[in-house]
file input03.txt (compact mmCIF, C-alpha atoms)
# COMPACT_ATOMS: atom_id res chain seq x y z
CA MET A 1 -7.19 -64.45 59.41
CA THR A 2 -3.86 -65.22 57.78
CA THR A 3 -1.24 -62.61 57.05
CA ASP A 4 -2.14 -62.42 53.35
CA PRO A 5 -3.64 -58.93 53.06
CA ASP A 6 -6.26 -60.10 50.56
CA SER A 7 -7.06 -63.46 52.11
CA LEU A 8 -10.76 -64.27 52.05
CA ASP A 9 -10.51 -67.27 54.37
CA GLY A 10 -13.97 -68.45 55.35
CA VAL A 11 -15.72 -65.44 53.81
CA ARG A 12 -19.07 -66.42 52.29
CA VAL A 13 -19.51 -64.68 48.92
CA LEU A 14 -22.56 -64.87 46.67
CA VAL A 15 -21.65 -64.76 42.95
CA VAL A 16 -24.28 -63.66 40.43
CA GLU A 17 -23.11 -63.65 36.80
CA ASP A 18 -24.96 -64.88 33.72
CA ASP A 19 -21.99 -65.79 31.54
CA PHE A 20 -20.82 -69.34 32.22
CA ASP A 21 -17.13 -68.65 31.63
CA VAL A 22 -17.02 -65.39 33.55
CA ALA A 23 -18.93 -66.95 36.45
CA GLU A 24 -16.41 -69.78 36.58
CA ALA A 25 -13.53 -67.31 36.61
CA LEU A 26 -15.09 -65.32 39.47
CA ARG A 27 -15.69 -68.52 41.41
CA LEU A 28 -12.12 -69.64 40.88
CA VAL A 29 -10.54 -66.34 41.97
CA LEU A 30 -12.62 -66.19 45.14
CA ALA A 31 -12.25 -69.87 45.99
CA THR A 32 -8.48 -69.69 45.48
CA ALA A 33 -8.35 -66.79 47.93
CA GLY A 34 -10.08 -69.01 50.51
CA ALA A 35 -13.66 -67.78 50.14
CA GLU A 36 -16.66 -70.04 50.31
CA VAL A 37 -18.53 -69.28 47.09
CA ILE A 38 -22.32 -69.36 47.16
CA GLY A 39 -23.47 -70.00 43.59
CA PRO A 40 -22.55 -68.91 41.06
CA VAL A 41 -26.08 -68.37 39.77
CA SER A 42 -27.21 -66.82 36.51
CA THR A 43 -30.76 -65.61 37.10
CA VAL A 44 -32.38 -62.91 39.21
CA GLU A 45 -34.76 -65.46 40.67
CA ALA A 46 -32.09 -67.91 41.82
CA ALA A 47 -29.95 -65.05 43.14
CA CYS A 48 -32.79 -63.54 45.18
CA GLU A 49 -33.52 -66.91 46.72
CA LEU A 50 -29.90 -67.31 47.86
CA ALA A 51 -29.69 -63.66 48.91
CA LYS A 52 -32.66 -64.18 51.21
CA ALA A 53 -31.85 -67.57 52.64
CA GLN A 54 -28.07 -68.04 52.81
CA PRO A 55 -25.71 -66.68 55.43
CA LEU A 56 -23.54 -64.24 53.45
CA ASP A 57 -20.64 -61.89 54.14
CA ALA A 58 -20.49 -60.25 50.69
CA ALA A 59 -21.73 -60.55 47.12
CA VAL A 60 -20.54 -59.94 43.56
CA LEU A 61 -23.33 -58.90 41.19
CA ASP A 62 -23.23 -58.66 37.43
CA ILE A 63 -25.57 -55.81 36.52
CA ALA A 64 -27.21 -56.97 33.29
CA LEU A 65 -29.06 -60.18 34.02
CA SER A 66 -31.96 -62.06 32.60
CA PRO A 67 -34.48 -60.60 32.78
CA GLY A 68 -33.41 -57.02 33.40
CA THR A 69 -30.81 -56.19 36.01
CA SER A 70 -29.57 -57.44 39.35
CA ALA A 71 -31.30 -54.54 41.14
CA PRO A 72 -33.79 -56.84 42.94
CA VAL A 73 -30.86 -58.89 44.27
CA ALA A 74 -29.08 -55.73 45.37
CA ARG A 75 -32.18 -54.52 47.23
CA THR A 76 -32.54 -57.87 48.97
CA LEU A 77 -28.90 -57.65 50.08
CA LEU A 78 -29.26 -54.03 51.21
CA TYR A 79 -32.27 -55.01 53.28
CA ARG A 80 -30.31 -57.60 55.19
CA GLY A 81 -27.18 -55.50 55.40
CA CYS A 82 -24.94 -57.64 53.21
CA PRO A 83 -22.33 -55.54 51.37
CA PHE A 84 -21.86 -56.11 47.63
CA VAL A 85 -19.92 -54.95 44.61
CA PHE A 86 -21.23 -54.68 41.05
CA VAL A 87 -19.30 -55.98 38.07
CA THR A 88 -20.35 -54.85 34.63
CA GLY A 89 -19.39 -54.51 31.01
CA PHE A 90 -20.99 -51.10 30.86
CA SER A 91 -18.70 -48.09 31.04
CA ASN A 92 -21.59 -45.76 31.19
CA VAL A 93 -22.92 -45.25 34.71
CA GLU A 94 -26.32 -44.35 33.24
CA MET A 95 -26.79 -48.07 32.81
CA LEU A 96 -26.62 -48.67 36.57
CA PRO A 97 -29.89 -49.25 38.41
CA GLU A 98 -31.09 -45.75 39.30
CA GLU A 99 -31.88 -46.32 42.94
CA LEU A 100 -28.53 -47.94 43.69
CA PRO A 101 -25.96 -45.19 43.42
CA GLY A 102 -22.78 -45.07 45.40
CA HIS A 103 -22.00 -48.76 45.24
CA HIS A 104 -18.61 -49.98 44.21
CA VAL A 105 -18.57 -50.88 40.50
CA LEU A 106 -15.84 -52.97 38.89
CA VAL A 107 -15.68 -52.78 35.11
CA LYS A 108 -15.06 -56.01 33.18
CA PRO A 109 -12.68 -57.54 32.58
CA VAL A 110 -11.94 -57.50 36.31
CA ASP A 111 -8.40 -58.20 37.38
CA ASP A 112 -8.15 -60.99 40.00
CA ARG A 113 -6.36 -58.85 42.53
CA THR A 114 -8.87 -56.01 42.16
CA LEU A 115 -11.74 -58.39 42.83
CA ARG A 116 -10.08 -59.92 45.89
CA ALA A 117 -9.24 -56.49 47.27
CA ALA A 118 -12.79 -55.23 46.69
CA ILE A 119 -14.35 -58.15 48.57
CA HIS A 120 -11.74 -57.87 51.30
CA MET A 121 -12.60 -54.22 51.73
CA LEU A 122 -16.34 -54.88 51.82
CA VAL A 123 -16.01 -57.50 54.51
CA HIS A 124 -13.64 -55.47 56.66
CA ARG A 125 -15.65 -52.31 56.35
CA ALA A 126 -18.75 -54.23 57.38
CA THR A 127 -17.16 -55.80 60.44
CA GLY A 128 -15.32 -52.63 61.35
CA MET B 129 -50.28 -23.99 5.02
CA ASN B 130 -49.37 -25.60 1.71
CA PRO B 131 -50.43 -29.17 0.66
CA ALA B 132 -47.06 -30.63 1.66
CA GLY B 133 -47.46 -29.13 5.12
CA LEU B 134 -50.92 -30.60 5.47
CA ARG B 135 -49.70 -34.05 4.45
CA LEU B 136 -46.90 -33.78 6.97
CA HIS B 137 -49.49 -33.27 9.68
CA GLY B 138 -51.75 -36.04 8.46
CA MET B 139 -54.42 -33.77 7.00
CA THR B 140 -55.86 -33.36 3.52
CA ASN B 141 -57.82 -30.15 3.63
CA VAL B 142 -56.73 -26.73 4.80
CA SER B 143 -60.06 -26.36 6.66
CA GLU B 144 -58.84 -28.92 9.17
CA ILE B 145 -56.12 -26.61 10.39
CA ILE B 146 -57.79 -23.23 10.24
CA GLY B 147 -58.32 -21.91 13.72
CA GLU B 148 -55.71 -24.25 15.25
CA VAL B 149 -53.12 -22.37 17.21
CA PHE B 150 -49.56 -23.33 16.25
CA LEU B 151 -48.67 -24.05 19.87
CA ASP B 152 -51.47 -26.61 20.16
CA CYS B 153 -49.56 -28.78 17.69
CA ILE B 154 -46.60 -29.01 20.04
CA CYS B 155 -46.40 -31.49 22.87
CA GLU B 156 -46.71 -30.03 26.35
CA THR B 157 -43.10 -30.67 27.36
CA ASP B 158 -41.81 -28.66 24.41
CA ARG B 159 -44.45 -25.91 24.59
CA PRO B 160 -42.79 -23.46 27.06
CA ARG B 161 -39.51 -23.59 25.15
CA VAL B 162 -41.22 -23.07 21.79
CA THR B 163 -43.31 -20.23 23.21
CA GLY B 164 -40.09 -18.44 24.06
CA LEU B 165 -38.71 -18.96 20.58
CA LEU B 166 -41.96 -17.79 19.00
CA GLU B 167 -41.74 -14.60 21.04
CA GLN B 168 -38.17 -14.22 19.91
CA ALA B 169 -39.31 -14.45 16.26
CA MET B 170 -42.06 -11.91 16.90
CA GLY B 171 -39.30 -9.64 18.18
CA GLY B 172 -37.54 -9.94 14.83
CA HIS B 173 -35.04 -12.75 15.52
CA PRO B 174 -35.20 -15.93 13.43
CA ALA B 175 -35.44 -19.14 15.45
CA GLU B 176 -34.65 -22.76 14.71
CA PHE B 177 -35.76 -25.63 16.94
CA GLU B 178 -36.89 -29.21 17.18
CA PHE B 179 -40.22 -30.19 18.71
CA THR B 180 -42.40 -33.24 19.21
CA SER B 181 -45.91 -32.97 17.84
CA SER B 182 -48.92 -33.39 20.11
CA PHE B 183 -51.27 -34.96 17.58
CA HIS B 184 -49.43 -37.97 16.26
CA ASP B 185 -49.44 -41.40 17.85
CA PRO B 186 -46.67 -42.54 18.08
CA PRO B 187 -45.27 -39.02 18.46
CA ARG B 188 -43.27 -37.55 15.60
CA VAL B 189 -40.42 -35.07 15.73
CA PHE B 190 -40.08 -31.97 13.54
CA THR B 191 -37.47 -29.35 12.97
CA THR B 192 -38.77 -25.87 12.31
CA SER B 193 -37.33 -22.54 11.22
CA LEU B 194 -39.24 -19.38 12.01
CA VAL B 195 -38.38 -16.33 9.93
CA PRO B 196 -39.89 -12.96 10.86
CA LEU B 197 -41.22 -10.95 7.88
CA ASN B 198 -41.04 -7.17 8.34
CA ASP B 199 -43.01 -4.37 6.75
CA ALA B 200 -41.32 -1.23 5.38
CA ASP B 201 -40.91 0.18 8.91
CA GLY B 202 -39.18 -2.92 10.17
CA THR B 203 -42.17 -4.07 12.21
CA VAL B 204 -42.74 -7.84 12.25
CA VAL B 205 -46.03 -8.44 10.46
CA ARG B 206 -45.88 -12.18 9.84
CA ILE B 207 -43.76 -15.13 10.75
CA MET B 208 -42.95 -17.65 8.09
CA GLY B 209 -42.44 -21.18 9.40
CA VAL B 210 -40.80 -24.07 7.57
CA ALA B 211 -41.15 -27.52 9.13
CA GLN B 212 -39.52 -30.80 8.24
CA GLU B 213 -40.15 -34.15 9.88
CA ILE B 214 -36.99 -35.68 11.39
CA THR B 215 -38.46 -38.60 13.38
CA GLU B 216 -36.41 -41.14 11.43
CA ARG B 217 -33.22 -39.19 11.91
CA ILE B 218 -33.85 -38.89 15.68
CA ASP B 219 -34.61 -42.61 15.92
CA ALA B 220 -31.44 -43.44 14.00
CA ARG B 221 -29.43 -41.24 16.38
CA GLN B 222 -30.95 -43.03 19.39
CA ARG B 223 -30.35 -46.45 17.80
CA GLN B 224 -26.76 -45.59 17.14
CA LYS B 225 -26.25 -44.48 20.75
CA LEU B 226 -27.72 -47.75 22.04
CA MET B 227 -25.64 -49.77 19.60
CA VAL B 228 -22.43 -48.10 20.76
CA GLN B 229 -23.33 -48.85 24.39
CA GLU B 230 -24.25 -52.42 23.54
CA LEU B 231 -21.04 -52.92 21.60
CA ASP B 232 -19.02 -51.56 24.52
CA HIS B 233 -20.83 -53.97 26.84
CA ARG B 234 -20.26 -56.90 24.50
CA VAL B 235 -16.58 -56.16 24.01
CA LYS B 236 -15.93 -56.02 27.75
CA ASN B 237 -17.95 -59.14 28.45
CA ASN B 238 -16.08 -60.95 25.71
CA LEU B 239 -12.73 -59.84 27.12
CA ALA B 240 -13.80 -61.12 30.55
CA ALA B 241 -14.89 -64.42 28.98
CA VAL B 242 -11.61 -64.73 27.06
CA ILE B 243 -9.57 -64.18 30.22
CA SER B 244 -11.63 -66.85 31.94
CA ILE B 245 -11.17 -69.26 29.03
CA ILE B 246 -7.40 -68.65 29.14
CA GLN B 247 -7.28 -69.41 32.88
CA GLN B 248 -9.42 -72.52 32.61
CA THR B 249 -7.60 -73.83 29.55
CA ALA B 250 -4.18 -73.19 31.11
CA SER B 251 -5.05 -75.10 34.27
CA ARG B 252 -5.92 -78.19 32.21
CA SER B 253 -3.23 -78.13 29.48
CA GLU B 254 -0.24 -80.44 29.58
CA SER B 255 2.00 -78.38 27.31
CA VAL B 256 2.19 -74.89 25.89
CA ARG B 257 1.38 -76.36 22.46
CA ASP B 258 -1.77 -78.08 23.86
CA PHE B 259 -2.71 -74.84 25.52
CA GLU B 260 -2.29 -72.88 22.31
CA ILE B 261 -4.38 -75.30 20.23
CA ALA B 262 -7.21 -75.53 22.77
CA LEU B 263 -7.23 -71.80 23.40
CA THR B 264 -7.25 -70.69 19.76
CA GLY B 265 -10.01 -73.21 19.00
CA ARG B 266 -12.21 -71.95 21.83
CA ILE B 267 -11.72 -68.32 21.05
CA SER B 268 -12.21 -68.95 17.32
CA SER B 269 -15.56 -70.61 17.98
CA MET B 270 -16.67 -67.50 19.91
CA GLY B 271 -15.32 -65.40 17.07
CA LEU B 272 -17.19 -67.38 14.43
CA ALA B 273 -20.55 -66.93 16.19
CA HIS B 274 -19.78 -63.24 16.61
CA GLU B 275 -18.82 -62.81 12.97
CA MET B 276 -21.88 -64.63 11.65
CA LEU B 277 -24.20 -62.72 13.99
CA ALA B 278 -22.67 -59.44 12.91
CA GLU B 279 -23.39 -60.40 9.29
CA THR B 280 -27.09 -60.67 10.21
CA GLY B 281 -27.05 -57.37 12.10
CA TRP B 282 -27.46 -59.32 15.39
CA GLN B 283 -30.85 -60.51 14.24
CA GLY B 284 -30.05 -64.18 14.81
CA LEU B 285 -28.49 -66.78 12.56
CA GLN B 286 -29.52 -70.00 10.87
CA LEU B 287 -28.39 -73.07 12.80
CA HIS B 288 -27.58 -74.97 9.59
CA ASP B 289 -25.27 -72.19 8.33
CA MET B 290 -23.52 -71.91 11.68
CA LEU B 291 -22.88 -75.66 11.98
CA GLY B 292 -21.71 -75.82 8.36
CA ARG B 293 -19.10 -73.10 8.90
CA LEU B 294 -18.05 -74.34 12.34
CA LEU B 295 -17.49 -77.94 11.24
CA GLU B 296 -16.02 -77.20 7.81
CA PRO B 297 -12.41 -77.86 8.99
CA TYR B 298 -13.41 -81.38 10.10
CA ARG B 299 -14.85 -82.38 6.72
CA ARG B 300 -11.46 -82.95 5.13
CA ASP B 301 -12.79 -83.18 1.55
CA ASP B 302 -15.26 -85.87 2.49
CA ALA B 303 -18.77 -84.47 2.46
CA SER B 304 -20.22 -87.63 4.04
CA ARG B 305 -18.21 -87.15 7.24
CA ILE B 306 -20.76 -84.66 8.53
CA ASP B 307 -24.48 -85.07 8.10
CA LEU B 308 -26.60 -82.04 9.01
CA ARG B 309 -30.34 -82.52 9.07
CA GLY B 310 -32.98 -80.24 10.48
CA ALA B 311 -35.56 -77.59 9.86
CA ALA B 312 -34.63 -73.96 9.33
CA ILE B 313 -34.16 -72.50 12.82
CA LYS B 314 -32.99 -68.98 13.51
CA LEU B 315 -30.93 -68.81 16.70
CA PRO B 316 -31.21 -65.57 18.71
CA ALA B 317 -27.88 -63.87 19.39
CA ALA B 318 -27.71 -64.95 23.04
CA VAL B 319 -28.32 -68.59 22.08
CA ALA B 320 -26.05 -68.81 19.03
CA THR B 321 -22.72 -68.21 20.79
CA PRO B 322 -23.09 -70.85 23.54
CA ILE B 323 -24.37 -73.44 21.02
CA CYS B 324 -21.41 -72.66 18.78
CA MET B 325 -18.99 -73.11 21.69
CA VAL B 326 -20.60 -76.37 22.82
CA VAL B 327 -20.60 -77.90 19.32
CA HIS B 328 -16.99 -76.78 18.94
CA GLU B 329 -16.04 -78.75 22.07
CA LEU B 330 -17.91 -81.80 20.75
CA ALA B 331 -15.95 -81.55 17.49
CA VAL B 332 -12.63 -81.16 19.33
CA ASN B 333 -13.36 -84.24 21.44
CA ALA B 334 -14.36 -86.15 18.28
CA ALA B 335 -11.09 -85.16 16.63
CA LYS B 336 -9.08 -86.30 19.68
CA TYR B 337 -10.87 -89.50 20.61
CA GLY B 338 -13.92 -90.05 18.40
CA SER B 339 -15.33 -90.10 14.88
CA PHE B 340 -13.18 -87.30 13.51
CA SER B 341 -10.02 -89.19 14.56
CA GLU B 342 -10.47 -91.94 11.98
CA ASN B 343 -11.11 -91.98 8.25
CA GLY B 344 -14.39 -93.90 8.31
CA GLY B 345 -15.86 -91.86 11.15
CA ARG B 346 -19.01 -89.83 10.69
CA VAL B 347 -21.03 -87.41 12.75
CA PHE B 348 -24.79 -87.08 12.36
CA ILE B 349 -26.35 -83.91 13.63
CA THR B 350 -30.11 -83.72 13.62
CA TRP B 351 -32.34 -81.09 15.12
CA GLN B 352 -35.89 -80.01 15.40
CA HIS B 353 -37.93 -77.18 16.75
CA GLU B 354 -40.27 -77.99 19.61
CA PRO B 355 -42.96 -75.34 19.52
CA GLY B 356 -43.89 -73.78 22.86
CA ALA B 357 -47.35 -72.74 23.96
CA ASP B 358 -46.39 -69.29 25.22
CA ASP B 359 -42.79 -68.81 24.14
CA HIS B 360 -40.46 -69.42 21.19
CA GLY B 361 -40.22 -73.12 21.97
CA HIS B 362 -37.05 -75.20 22.23
CA LEU B 363 -34.28 -76.39 19.98
CA ARG B 364 -33.61 -80.08 20.36
CA LEU B 365 -30.34 -81.18 18.79
CA THR B 366 -28.67 -84.59 18.70
CA TRP B 367 -24.97 -85.09 17.98
CA SER B 368 -24.17 -88.68 17.25
CA GLU B 369 -20.83 -90.23 16.26
CA THR B 370 -20.24 -93.48 14.39
CA GLY B 371 -17.27 -95.27 12.86
CA GLY B 372 -14.72 -94.01 15.37
CA PRO B 373 -12.62 -96.09 17.75
CA PRO B 374 -14.49 -97.82 20.61
CA VAL B 375 -15.47 -95.30 23.25
CA SER B 376 -14.93 -95.60 26.96
CA PRO B 377 -16.17 -92.98 29.42
CA PRO B 378 -13.43 -90.52 30.45
CA THR B 379 -11.91 -91.02 33.87
CA SER B 380 -11.94 -87.31 34.55
CA ARG B 381 -13.93 -84.43 33.13
CA GLY B 382 -11.86 -81.99 31.05
CA ARG B 383 -12.76 -78.39 30.60
CA GLY B 384 -14.43 -79.15 27.24
CA THR B 385 -16.66 -81.85 28.72
CA LEU B 386 -17.66 -79.59 31.60
CA LEU B 387 -18.52 -76.85 29.15
CA ILE B 388 -20.63 -79.22 27.04
CA GLU B 389 -22.52 -80.48 30.07
CA ARG B 390 -22.97 -77.28 32.03
CA MET B 391 -22.83 -74.17 29.85
CA LEU B 392 -26.28 -74.45 28.28
CA GLY B 393 -27.94 -75.21 31.61
CA TYR B 394 -26.20 -72.34 33.35
CA GLN B 395 -26.45 -69.66 30.72
CA LEU B 396 -29.64 -70.53 28.83
CA ASN B 397 -31.67 -72.68 31.23
CA GLY B 398 -31.17 -75.50 28.74
CA GLU B 399 -30.07 -79.11 29.09
CA ALA B 400 -27.27 -81.24 27.72
CA ARG B 401 -26.76 -84.97 28.07
CA LEU B 402 -23.49 -86.49 27.00
CA ASP B 403 -23.33 -90.28 26.64
CA PHE B 404 -20.13 -92.23 26.07
CA GLU B 405 -21.66 -95.23 24.25
CA PRO B 406 -19.07 -97.81 23.09
CA ALA B 407 -20.20 -97.29 19.45
CA GLY B 408 -19.75 -93.55 19.60
CA VAL B 409 -20.41 -90.43 21.66
CA THR B 410 -23.90 -89.01 21.57
CA CYS B 411 -24.99 -85.69 22.94
CA GLU B 412 -28.52 -84.36 23.24
CA LEU B 413 -29.13 -80.67 23.67
CA ARG B 414 -32.38 -78.93 24.52
CA VAL B 415 -32.35 -75.16 24.65
CA PRO B 416 -35.13 -72.55 24.97
CA LEU B 417 -35.09 -70.30 21.92
CA ALA B 418 -36.37 -67.19 23.69
CA ASP B 419 -33.77 -64.48 23.49
CA ARG B 420 -33.42 -64.16 27.26
CA HIS B 421 -30.77 -61.55 26.92
CA ARG B 422 -32.49 -59.65 24.16
CA SER B 423 -29.90 -57.14 23.16
CA PHE B 424 -30.46 -53.43 22.90
CA MET B 425 -29.48 -53.74 19.28
CA ALA B 426 -32.24 -56.17 18.48
CA GLY B 427 -34.64 -54.03 20.51
CA ALA B 428 -33.62 -50.94 18.62
CA GLU B 429 -34.04 -52.71 15.29
CA GLU B 430 -37.53 -53.88 16.22
CA SER B 431 -38.69 -50.46 17.33
CA ARG B 432 -37.86 -49.04 13.93
CA PRO B 433 -41.08 -47.52 12.52

call {"tool": "encode", "arguments": {"input": "input03.txt", "output": "structure tokens"}}
result
Amino acid sequence: MTTDPDSLDGVRVLVVEDDFDVAEALRLVLATAGAEVIGPVSTVEAACELAKAQPLDAAVLDIALSPGTSAPVARTLLYRGCPFVFVTGFSNVEMLPEELPGHHVLVKPVDDRTLRAAIHMLVHRATG
Amino acid sequence: MNPAGLRLHGMTNVSEIIGEVFLDCICETDRPRVTGLLEQAMGGHPAEFEFTSSFHDPPRVFTTSLVPLNDADGTVVRIMGVAQEITERIDARQRQKLMVQELDHRVKNNLAAVISIIQQTASRSESVRDFEIALTGRISSMGLAHEMLAETGWQGLQLHDMLGRLLEPYRRDDASRIDLRGAAIKLPAAVATPICMVVHELAVNAAKYGSFSENGGRVFITWQHEPGADDHGHLRLTWSETGGPPVSPPTSRGRGTLLIERMLGYQLNGEARLDFEPAGVTCELRVPLADRHRSFMAGAEESRP
């Protein structure tokens, strides 16, 4: 690890976001911080496939996806113990998948530094 | 019960209701609460409440006032009930709540997209002036789709109308510069914005290097609907430039070109093929018309009785 407090050097992050522009921005922020971005992907199906098969350290999940929500992706990640953070345009927590409370939620638009710090925290909490 | 009351409950003859207990008309979830209020009225206190009926499908909602009628001694002898159906009002309230949530979601997503567009445009602009022109164009094309969709109540917009408005600035008083030909196709909200942004980038490129950069240049846009067996089918659209300067393939992909080639595939599971033919740029788009991201607004509109 470098001395940059938010460096994501070598961290493998799955990005799931259905808007082309927003996905590109997330990719750019993470890649610039040194992360290896898996994706980005825009569908539940593609995300679940990567969530099952790829070595991952963390994930960023948009909540509203096509079709439905990213809940199946989140469950897949929970099952294999990969930490994740939700990003969403919803302010209202009622819109969050019911069975997934207590996860970190970043509300769009997400500031670059906030995103980097959130992933940094996930990875460091996971590795102790 | 008077004739209006019978009609309200879908009956014509008073014999149909004789012997029915009032509480049987109320759905089971509401019954304990209404029982309490009925007892309250029997005790001499008027009650007002809303309940869902048990005998309508789909269920209907009523508001009711119960007024106790006393005899000379002040004993409650009868209860007068007045009911009014408020299903529409309840549905409208629910629709409005969903629309506010949806709007909130859309605004934040748009802000996130705008920030991303700023970052991507900045990293590829040579001067502040270039940056400003590219950025305002991109955001305006998002804005145009939004504005036109809002005019239709987010029910989808006609492709021909959208292209006409989007390309109007490139006509420059010469109607033959832009040729739009295709069947009437209504684009769902989730499809309209990306198509608008992609066609905007094609027009910007044409104005910089292609048909819109010279007086004799023309752009032909044709489209058709490919019906699908079990879905809404596809839109197939061809953008084809003529009469511009000779075209050579770009040495590097700008942000606009990347958007043209990748946005529809990423966001809509569609396809885009951009060809830099010497005679003029052509671009073929194929996009599923299913509203993959069917909005709550559209859903709320459709569920209207």

call {"tool": "atom_distance", "arguments": {"input": "input03.txt", "atom1": "CA of Leu151 in chain B", "atom2": "CA of Thr163 in chain B"}}
result
7.4 Å

call {"tool": "interface_residues", "arguments": {"input": "input03.txt", "of": "chain B", "to": "chain A", "cutoff": "9 Å", "atoms": "all atoms listed in the file", "output": "MDAnalysis selection string"}}
result
chainID B and resid 229:230 232:245 247:248 387 390:392 394:396 420:422

call {"tool": "closest_residue", "arguments": {"input": "input03.txt", "among": "A:Asp57, A:Asp112, A:Asp6, A:Glu49", "to": "Thr76 in chain A", "atoms": "all atoms listed in the file"}}
result
A:Glu49

call {"tool": "atom_distance", "arguments": {"input": "input03.txt", "atom1": "CA of Gly209 in chain B", "atom2": "CA of Leu165 in chain B"}}
result
12.0 Å

call {"tool": "atom_distance", "arguments": {"input": "input03.txt", "atom1": "CA of Arg309 in chain B", "atom2": "CA of Gly271 in chain B"}}
result
24.1 Å

call {"tool": "residues_near_point", "arguments": {"input": "input03.txt", "point": "(-26.1, -63.8, 47.7)", "cutoff": "7 Å", "atoms": "all atoms listed in the file", "output": "MDAnalysis selection string"}}
result
chainID A and resid 13:15 38 47 50:51 54 56 59

call {"tool": "residues_around", "arguments": {"input": "input03.txt", "residues": "Leu122 in chain A", "least_positions_apart": "6", "cutoff": "8 Å", "atoms": "all atoms listed in the file", "output": "list of chain:residue names"}}
result
A:Ala58, A:Pro83, A:Phe84

call {"tool": "build_atoms", "arguments": {"input": "input03.txt", "residues": "range 103-114 of chain A", "atoms": "N, CA, C and O atoms", "output": "short mmCIF file (atom, residue, chain, number, x, y, z; two decimals), keeping the file's coordinate frame"}}
result
data_model
loop_
_atom_site.label_atom_id
_atom_site.label_comp_id
_atom_site.auth_asym_id
_atom_site.auth_seq_id
_atom_site.Cartn_x
_atom_site.Cartn_y
_atom_site.Cartn_z
N HIS A 103 -22.59 -47.46 44.98
CA HIS A 103 -22.00 -48.76 45.24
C HIS A 103 -20.76 -48.94 44.38
O HIS A 103 -20.67 -48.39 43.29
N HIS A 104 -19.86 -49.74 44.91
CA HIS A 104 -18.61 -49.98 44.21
C HIS A 104 -18.90 -50.72 42.90
O HIS A 104 -19.62 -51.70 42.90
N VAL A 105 -18.36 -50.23 41.78
CA VAL A 105 -18.57 -50.88 40.50
C VAL A 105 -17.22 -51.26 39.90
O VAL A 105 -16.34 -50.41 39.77
N LEU A 106 -17.05 -52.52 39.57
CA LEU A 106 -15.84 -52.97 38.89
C LEU A 106 -16.20 -53.20 37.43
O LEU A 106 -17.20 -53.84 37.13
N VAL A 107 -15.39 -52.63 36.53
CA VAL A 107 -15.68 -52.78 35.11
C VAL A 107 -14.93 -53.98 34.54
O VAL A 107 -13.74 -54.17 34.82
N LYS A 108 -15.66 -54.81 33.80
CA LYS A 108 -15.06 -56.01 33.18
C LYS A 108 -14.08 -55.61 32.08
O LYS A 108 -14.33 -54.62 31.42
N PRO A 109 -13.05 -56.36 31.80
CA PRO A 109 -12.68 -57.54 32.58
C PRO A 109 -12.03 -57.15 33.91
O PRO A 109 -11.21 -56.26 33.94
N VAL A 110 -12.43 -57.85 34.99
CA VAL A 110 -11.94 -57.50 36.31
C VAL A 110 -10.69 -58.31 36.63
O VAL A 110 -10.69 -59.53 36.51
N ASP A 111 -9.67 -57.59 37.00
CA ASP A 111 -8.40 -58.20 37.38
C ASP A 111 -8.59 -58.96 38.71
O ASP A 111 -9.30 -58.51 39.60
N ASP A 112 -7.98 -60.14 38.81
CA ASP A 112 -8.15 -60.99 40.00
C ASP A 112 -7.89 -60.24 41.31
O ASP A 112 -8.64 -60.34 42.26
N ARG A 113 -6.77 -59.51 41.29
CA ARG A 113 -6.36 -58.85 42.53
C ARG A 113 -7.37 -57.76 42.92
O ARG A 113 -7.68 -57.58 44.10
N THR A 114 -7.89 -57.06 41.90
CA THR A 114 -8.87 -56.01 42.16
C THR A 114 -10.12 -56.60 42.80
O THR A 114 -10.69 -56.04 43.74
#
